[in-house]
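Asks: Structure file entry36.txt (compact mmCIF, C-alpha atoms) is given on the next line.
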```txt
# COMPACT_ATOMS: atom_id res chain seq x y z
CA SER A 1 19.25 91.59 156.90
CA THR A 2 22.54 89.87 156.03
CA GLY A 3 24.92 92.80 155.52
CA PHE A 4 25.04 96.39 154.26
CA LYS A 5 24.88 98.21 150.93
CA LEU A 6 27.05 100.93 149.42
CA ASN A 7 24.85 102.99 147.11
CA SER A 8 27.38 105.74 146.35
CA THR A 9 30.60 105.88 144.32
CA ASP A 10 32.08 108.43 146.72
CA ASN A 11 35.80 107.77 147.17
CA LYS A 12 35.39 107.88 150.95
CA VAL A 13 33.52 104.57 150.90
CA ASN A 14 33.34 103.04 147.41
CA GLY A 15 35.98 104.34 144.99
CA ASN A 16 36.83 102.09 142.05
CA ASN A 17 39.68 99.66 142.89
CA HIS A 18 40.20 101.21 146.32
CA ILE A 19 40.53 98.90 149.33
CA TYR A 20 38.45 99.65 152.44
CA VAL A 21 38.31 98.25 155.96
CA TYR A 22 35.01 97.72 157.79
CA MET A 23 33.84 96.14 161.01
CA ALA A 24 30.41 94.55 161.43
CA ILE A 25 28.98 93.41 164.78
CA ARG A 26 25.90 91.22 164.87
CA ARG A 27 22.96 92.60 166.84
CA GLY A 28 21.68 90.58 169.78
CA PRO A 29 20.14 88.58 171.22
CA LEU A 30 21.46 85.35 169.77
CA ALA A 31 19.33 83.05 171.95
CA GLU A 32 15.58 82.62 172.25
CA PRO A 33 13.98 84.55 175.14
CA THR A 34 12.74 82.53 178.09
CA SER A 35 10.27 85.10 179.39
CA ALA A 36 7.79 87.40 177.65
CA THR A 37 8.96 90.33 179.78
CA GLU A 38 12.31 90.15 177.98
CA VAL A 39 10.73 90.96 174.62
CA PHE A 40 7.19 92.32 175.03
CA ASN A 41 5.60 95.15 177.02
CA VAL A 42 2.10 96.62 177.11
CA SER A 43 1.60 99.83 179.08
CA ASN A 44 -1.01 102.45 179.83
CA SER A 45 0.09 105.95 180.82
CA THR A 46 -1.63 109.27 181.49
CA ASN A 47 1.22 111.25 183.05
CA SER A 48 4.19 110.71 180.73
CA ASN A 49 4.92 109.51 177.23
CA VAL A 50 8.28 108.04 178.31
CA ILE A 51 7.36 104.39 178.87
CA PRO A 52 9.61 101.94 180.78
CA THR A 53 9.75 98.64 178.89
CA GLY A 54 12.60 96.65 180.46
CA PHE A 55 14.37 96.25 177.10
CA ASN A 56 15.49 98.26 174.07
CA VAL A 57 12.48 98.47 171.76
CA ASP A 58 12.55 97.43 168.09
CA MET A 59 8.88 97.97 167.24
CA ASN A 60 6.07 99.83 168.96
CA ILE A 61 2.36 100.37 168.28
CA ASN A 62 0.69 103.20 170.19
CA THR A 63 -2.75 104.77 170.40
CA THR A 64 -5.11 106.32 172.95
CA THR A 65 -8.36 105.08 174.40
CA ASN A 66 -10.36 107.49 172.21
CA ALA A 67 -8.27 107.48 169.03
CA GLN A 68 -8.75 105.58 165.79
CA ASN A 69 -5.17 105.78 164.55
CA LYS A 70 -2.69 103.10 165.59
CA HIS A 71 0.79 104.52 165.02
CA LEU A 72 3.61 102.04 164.35
CA ILE A 73 7.26 102.99 164.79
CA THR A 74 10.27 100.78 164.17
CA ARG A 75 13.94 101.15 165.06
CA LEU A 76 14.97 100.20 161.50
CA MET A 77 12.81 103.04 160.10
CA GLY A 78 14.48 105.74 162.19
CA ASN A 79 12.22 108.80 162.45
CA LYS A 80 9.55 107.40 160.07
CA SER A 81 6.16 106.02 161.12
CA LEU A 82 3.27 104.00 159.70
CA LYS A 83 -0.31 103.32 160.80
CA THR A 84 -1.62 99.78 161.13
CA ASN A 85 -5.16 100.98 160.44
CA ASP A 86 -4.22 103.00 157.35
CA THR A 87 -2.74 102.38 153.89
CA SER A 88 -0.68 105.59 153.72
CA SER A 89 3.06 105.55 153.11
CA GLU A 90 5.52 106.20 155.91
CA SER A 91 5.59 109.71 157.42
CA ASP A 92 8.76 111.60 158.31
CA ARG A 93 8.52 112.82 161.91
CA GLY A 94 11.62 115.02 161.86
CA SER A 95 13.90 115.04 164.90
CA VAL A 96 11.99 112.59 167.11
CA LYS A 97 14.05 110.25 169.31
CA TRP A 98 11.68 107.41 170.08
CA PHE A 99 14.35 104.77 170.64
CA ASP A 100 17.47 106.67 171.67
CA ASP A 101 16.75 108.90 174.67
CA LEU A 102 16.78 106.30 177.42
CA SER A 103 17.91 102.69 177.76
CA ASN A 104 15.03 100.24 178.27
CA HIS A 105 12.44 102.93 177.54
CA ILE A 106 10.33 104.06 174.58
CA ASN A 107 9.89 107.83 174.20
CA LEU A 108 6.48 108.55 172.63
CA ASN A 109 6.68 112.34 172.90
CA THR A 110 5.41 112.89 169.37
CA SER A 111 3.36 115.36 167.38
CA TRP A 112 0.30 113.14 167.50
CA TRP A 113 -0.17 112.68 171.29
CA SER A 114 -0.10 115.23 174.08
CA THR A 115 1.85 114.54 177.28
CA ASN A 116 -1.39 113.93 179.22
CA ALA A 117 -2.99 111.58 176.67
CA ASP A 118 -4.51 108.32 177.92
CA LEU A 119 -1.83 106.42 176.03
CA ILE A 120 -1.71 102.69 175.27
CA SER A 121 1.63 101.28 174.10
CA TRP A 122 2.68 97.83 172.85
CA SER A 123 6.43 97.21 172.44
CA TRP A 124 8.36 94.33 170.85
CA LYS A 125 12.03 93.38 170.84
CA ARG A 126 13.50 91.33 167.99
CA ALA A 127 14.57 87.87 169.17
CA PRO A 128 15.15 84.43 167.63
CA GLY A 129 12.08 82.23 167.49
CA TYR A 130 9.79 85.12 168.45
CA PHE A 131 9.85 88.29 166.32
CA ASP A 132 11.93 89.89 163.56
CA VAL A 133 11.82 92.93 161.29
CA CYS A 134 13.18 93.10 157.72
CA CYS A 135 13.57 96.04 155.34
CA TYR A 136 13.98 95.30 151.63
CA SER A 137 13.62 96.82 148.17
CA GLY A 138 11.26 95.59 145.47
CA SER A 139 12.44 93.91 142.28
CA SER A 140 11.34 93.10 138.75
CA GLY A 141 11.06 89.43 139.72
CA THR A 142 10.45 87.02 142.59
CA GLN A 143 12.71 87.50 145.63
CA ASN A 144 13.70 85.40 148.63
CA ILE A 145 14.09 87.86 151.52
CA SER A 146 16.46 86.73 154.27
CA HIS A 147 15.36 87.01 157.89
CA ASN A 148 16.81 86.18 161.31
CA LEU A 149 13.81 84.60 163.01
CA GLY A 150 15.51 81.19 162.95
CA VAL A 151 12.19 79.36 162.60
CA GLN A 152 9.42 79.41 160.02
CA PRO A 153 7.34 82.59 160.46
CA GLU A 154 3.70 81.84 161.23
CA MET A 155 2.53 85.36 160.39
CA ILE A 156 4.14 88.16 158.35
CA TRP A 157 2.92 91.76 157.96
CA ILE A 158 4.24 93.52 154.82
CA LYS A 159 3.89 97.23 154.00
CA ASN A 160 5.03 99.41 151.08
CA ARG A 161 6.86 102.29 152.77
CA ASP A 162 6.81 104.59 149.74
CA SER A 163 3.23 104.32 148.50
CA SER A 164 -0.34 104.12 149.77
CA ASP A 165 -0.90 100.37 149.59
CA LEU A 166 -2.64 97.82 151.77
CA TRP A 167 -0.97 95.92 154.57
CA VAL A 168 -0.59 92.35 153.30
CA VAL A 169 -0.64 89.64 155.98
CA GLN A 170 0.64 86.17 155.19
CA VAL A 171 -0.51 83.50 157.65
CA THR A 172 1.37 80.26 157.12
CA SER A 173 -1.55 78.09 158.23
CA LEU A 174 -3.67 79.55 155.40
CA GLY A 175 -1.16 78.34 152.81
CA ALA A 176 0.77 80.30 150.20
CA ARG A 177 -2.27 81.24 148.12
CA LYS A 178 -4.18 83.45 150.57
CA TYR A 179 -3.57 86.70 152.41
CA LEU A 180 -5.33 88.90 154.94
CA ASN A 181 -5.49 92.70 155.11
CA LEU A 182 -4.26 94.24 158.39
CA ASP A 183 -5.92 97.62 157.75
CA GLY A 184 -9.27 96.13 156.67
CA THR A 185 -11.99 93.79 157.87
CA GLY A 186 -12.40 91.50 154.86
CA ALA A 187 -12.01 87.74 154.74
CA ALA A 188 -8.85 86.10 153.42
CA VAL A 189 -8.19 86.92 149.75
CA SER A 190 -7.28 84.05 147.42
CA LEU A 191 -4.21 84.31 145.19
CA PRO A 192 -3.49 84.92 142.44
CA THR A 193 -5.55 88.10 142.67
CA TRP A 194 -7.90 89.35 139.98
CA ASN A 195 -5.01 90.67 137.88
CA GLY A 196 -3.12 87.39 138.11
CA LYS A 197 -0.59 88.50 140.72
CA ASP A 198 0.72 85.94 143.18
CA TYR A 199 2.14 87.94 146.08
CA PHE A 200 4.05 85.04 147.65
CA ALA A 201 4.91 83.19 144.40
CA ASN A 202 2.97 80.20 145.78
CA THR A 203 5.78 79.68 148.32
CA LEU A 204 5.61 79.39 152.09
CA PRO A 205 8.32 81.02 154.22
CA THR A 206 11.17 79.00 155.69
CA ALA A 207 13.38 79.38 158.75
CA SER A 208 15.70 81.66 156.77
CA VAL A 209 13.71 83.37 153.98
CA PHE A 210 10.25 84.47 152.92
CA THR A 211 9.25 84.87 149.27
CA VAL A 212 7.56 87.81 147.54
CA GLY A 213 6.61 88.31 143.92
CA GLY A 214 7.97 91.23 141.95
CA GLY A 215 7.35 93.31 138.87
CA SER A 216 4.44 95.45 137.72
CA GLY A 217 1.37 95.10 139.92
CA TYR A 218 3.17 93.80 143.02
CA ASP A 219 3.12 97.18 144.76
CA PRO A 220 1.90 95.83 148.14
CA VAL A 221 4.79 93.35 148.45
CA GLY A 222 7.62 93.72 145.92
CA SER A 223 7.43 96.07 142.92
CA ALA A 224 10.71 97.49 141.63
CA GLY A 225 11.42 101.04 142.76
CA TYR A 226 9.68 100.73 146.14
CA ASN A 227 10.94 100.04 149.65
CA TYR A 228 9.18 97.64 152.01
CA ILE A 229 9.17 96.56 155.64
CA ALA A 230 8.10 93.16 156.98
CA TYR A 231 7.27 92.10 160.53
CA LEU A 232 7.64 88.36 161.27
CA PHE A 233 5.96 86.54 164.16
CA ALA A 234 6.28 82.98 165.49
CA THR A 235 5.13 80.81 168.37
CA LEU A 236 7.69 80.44 171.17
CA ALA A 237 6.70 78.11 173.99
CA GLY A 238 5.86 80.04 177.15
CA VAL A 239 6.36 83.41 175.44
CA SER A 240 4.13 83.86 172.38
CA LYS A 241 1.46 82.07 170.38
CA VAL A 242 0.28 82.44 166.77
CA GLY A 243 -2.74 80.31 165.96
CA SER A 244 -6.32 80.14 164.77
CA TYR A 245 -9.66 78.88 166.05
CA THR A 246 -13.14 78.06 164.75
CA GLY A 247 -15.99 80.04 166.27
CA THR A 248 -18.87 78.23 168.01
CA ASN A 249 -21.35 81.10 168.58
CA SER A 250 -21.06 80.38 172.30
CA SER A 251 -18.48 80.55 175.09
CA LEU A 252 -15.07 79.40 173.83
CA THR A 253 -11.72 78.93 175.55
CA ILE A 254 -8.48 79.30 173.56
CA ASP A 255 -5.50 77.50 175.13
CA CYS A 256 -2.28 79.43 174.37
CA GLY A 257 -0.13 77.10 176.45
CA PHE A 258 0.81 79.73 179.04
```
Turn the structure described in the file into structure tokens.

Replies:
Amino acid sequence: STGFKLNSTDNKVNGNNHIYVYMAIRRGPLAEPTSATEVFNVSNSTNSNVIPTGFNVDMNINTTTNAQNKHLITRLMGNKSLKTNDTSSESDRGSVKWFDDLSNHINLNTSWWSTNADLISWSWKRAPGYFDVCCYSGSSGTQNISHNLGVQPEMIWIKNRDSSDLWVVQVTSLGARKYLNLDGTGAAVSLPTWNGKDYFANTLPTASVFTVGGGSGYDPVGSAGYNYIAYLFATLAGVSKVGSYTGTNSSLTIDCGF
């Protein structure tokens, strides 16, 4: 999230004592969105899986009206996919081109939906103060993972991309010692867990980093040898809202401010 890595000693890119030139250009946008239509789209389609969104998509969740699976695809994952309702590791979908065929569209012509499916699609664009995506590798110890949200995340989804592990959800308002499970229906789980693991190292996220534990037993968030992806959400006035409410067992109105 702050640069790039060279994992090879190939002389073309990383020979010992050789000098190389590179150019890096920061991705946009650099300013907070002023309208939800700039960064979020929900669509229903029965005629085509090429969905107009009005922006270049960074993350999409798609399903059909009669399907259980909720497929999640992300620009940073390329041709890999996950399921928000499932613990399985990422799946390689071959030569799909979800994000690259058309500007301001998402192409959901995939192996899991037919072209006449009653498709429902939710699309997000990364933007300051609203939504960000981070890929990182696990470690033998606690890590501070840099992000570009620019504000404190109010909710973070974390998934092990290489192994069948639960989706861990950190909600800032619950504190640093609880998490929820995106793919399950259980109540918030208190940390440290039964084996003494503290997924967030008793640390709340900040405007620049979020913290994950590492080492043996931290497979859902940060074990060495695994790759992870995190989705960060925040409240942006007039655009998005992350919050909570207490049920009343009767009619209840939730004010989102827009």

Asks: Looking at A:Thr53, A:Asn60, A:Ser163, A:Asn16, which one is nearest to Thr87 of chain A, with distances taken over all atoms listed in the file?

Replies: A:Ser163

Asks: Could you please determine the separation between atom CA of Lys241 of chain A and atom CA of Met155 of chain A in Å, to one decimal place?

Replies: 10.6 Å

Asks: To one decimal place in Å, what is the distance between atom CA of Leu30 of chain A and atom CA of Pro128 of chain A?

Replies: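 Going from atom CA of Leu30 of chain A over to atom CA of Pro128 of chain A, I get 6.7 Å.
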
Asks: Can you tell me which residues surround Ser48 of chain A at a distance of at most 12 Å, considering only C-alpha atoms, apart from same-chain residues fewer than 5 positions away, and format the answer as a PyMOL selection string?

Replies: chain A and resi 43+105-110+113-121

Asks: Near segment 207-210 of chain A, within 9 Å and counting only C-alpha atoms, which residues show up once chain neighbours fewer than 3 positions away are dropped, as a PDB file with C-alpha atoms, in the frame of the given file?

Replies:
```
ATOM      1  CA  GLN A 143      12.710  87.500 145.630  1.00  0.00           C
ATOM      2  CA  ASN A 144      13.700  85.400 148.630  1.00  0.00           C
ATOM      3  CA  ILE A 145      14.090  87.860 151.520  1.00  0.00           C
ATOM      4  CA  SER A 146      16.460  86.730 154.270  1.00  0.00           C
ATOM      5  CA  HIS A 147      15.360  87.010 157.890  1.00  0.00           C
ATOM      6  CA  ASN A 148      16.810  86.180 161.310  1.00  0.00           C
ATOM      7  CA  LEU A 149      13.810  84.600 163.010  1.00  0.00           C
ATOM      8  CA  GLY A 150      15.510  81.190 162.950  1.00  0.00           C
ATOM      9  CA  VAL A 151      12.190  79.360 162.600  1.00  0.00           C
ATOM     10  CA  GLN A 152       9.420  79.410 160.020  1.00  0.00           C
ATOM     11  CA  PRO A 153       7.340  82.590 160.460  1.00  0.00           C
ATOM     12  CA  ILE A 156       4.140  88.160 158.350  1.00  0.00           C
ATOM     13  CA  PHE A 200       4.050  85.040 147.650  1.00  0.00           C
ATOM     14  CA  THR A 203       5.780  79.680 148.320  1.00  0.00           C
ATOM     15  CA  LEU A 204       5.610  79.390 152.090  1.00  0.00           C
TER      16      LEU A 204
END
```

Asks: Atom CA of Ile254 of chain A and atom CA of Leu182 of chain A are how many Å apart?

Replies: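 Interatomic distance, atom CA of Ile254 of chain A to atom CA of Leu182 of chain A: 21.7 Å.
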
Asks: With all atoms listed in the file as the counted atoms, please give the residues lying no more than 7 Å from Cys134 of chain A, apart from itself and same-chain residues fewer than 4 positions off, as an MDAnalysis selection string.

Replies: chainID A and resid 1 147 229:231

Asks: Give the answer as one residue: which of A:Ala127, A:Ile73, A:Leu82, A:Leu102 has the shortest atom-to-atom distance to Arg161 of chain A, using all atoms listed in the file?

Replies: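 When distances to Arg161 of chain A are compared using all atoms listed in the file, the smallest one comes from A:Leu82.
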
Asks: Fewer than 2 positions away in the same chain doesn't count, so skip those; otherwise give me all residues within 10 Å of Asp86 of chain A, counting all atoms listed in the file, as a PyMOL selection string.

Replies: chain A and resi 68-71+82-84+88-89+164-167+182-184

Asks: A:Gly257, A:Gly3, A:Gly213, A:Gly222: which is nearest Tyr136 of chain A, counting only C-alpha atoms?

Replies: A:Gly222
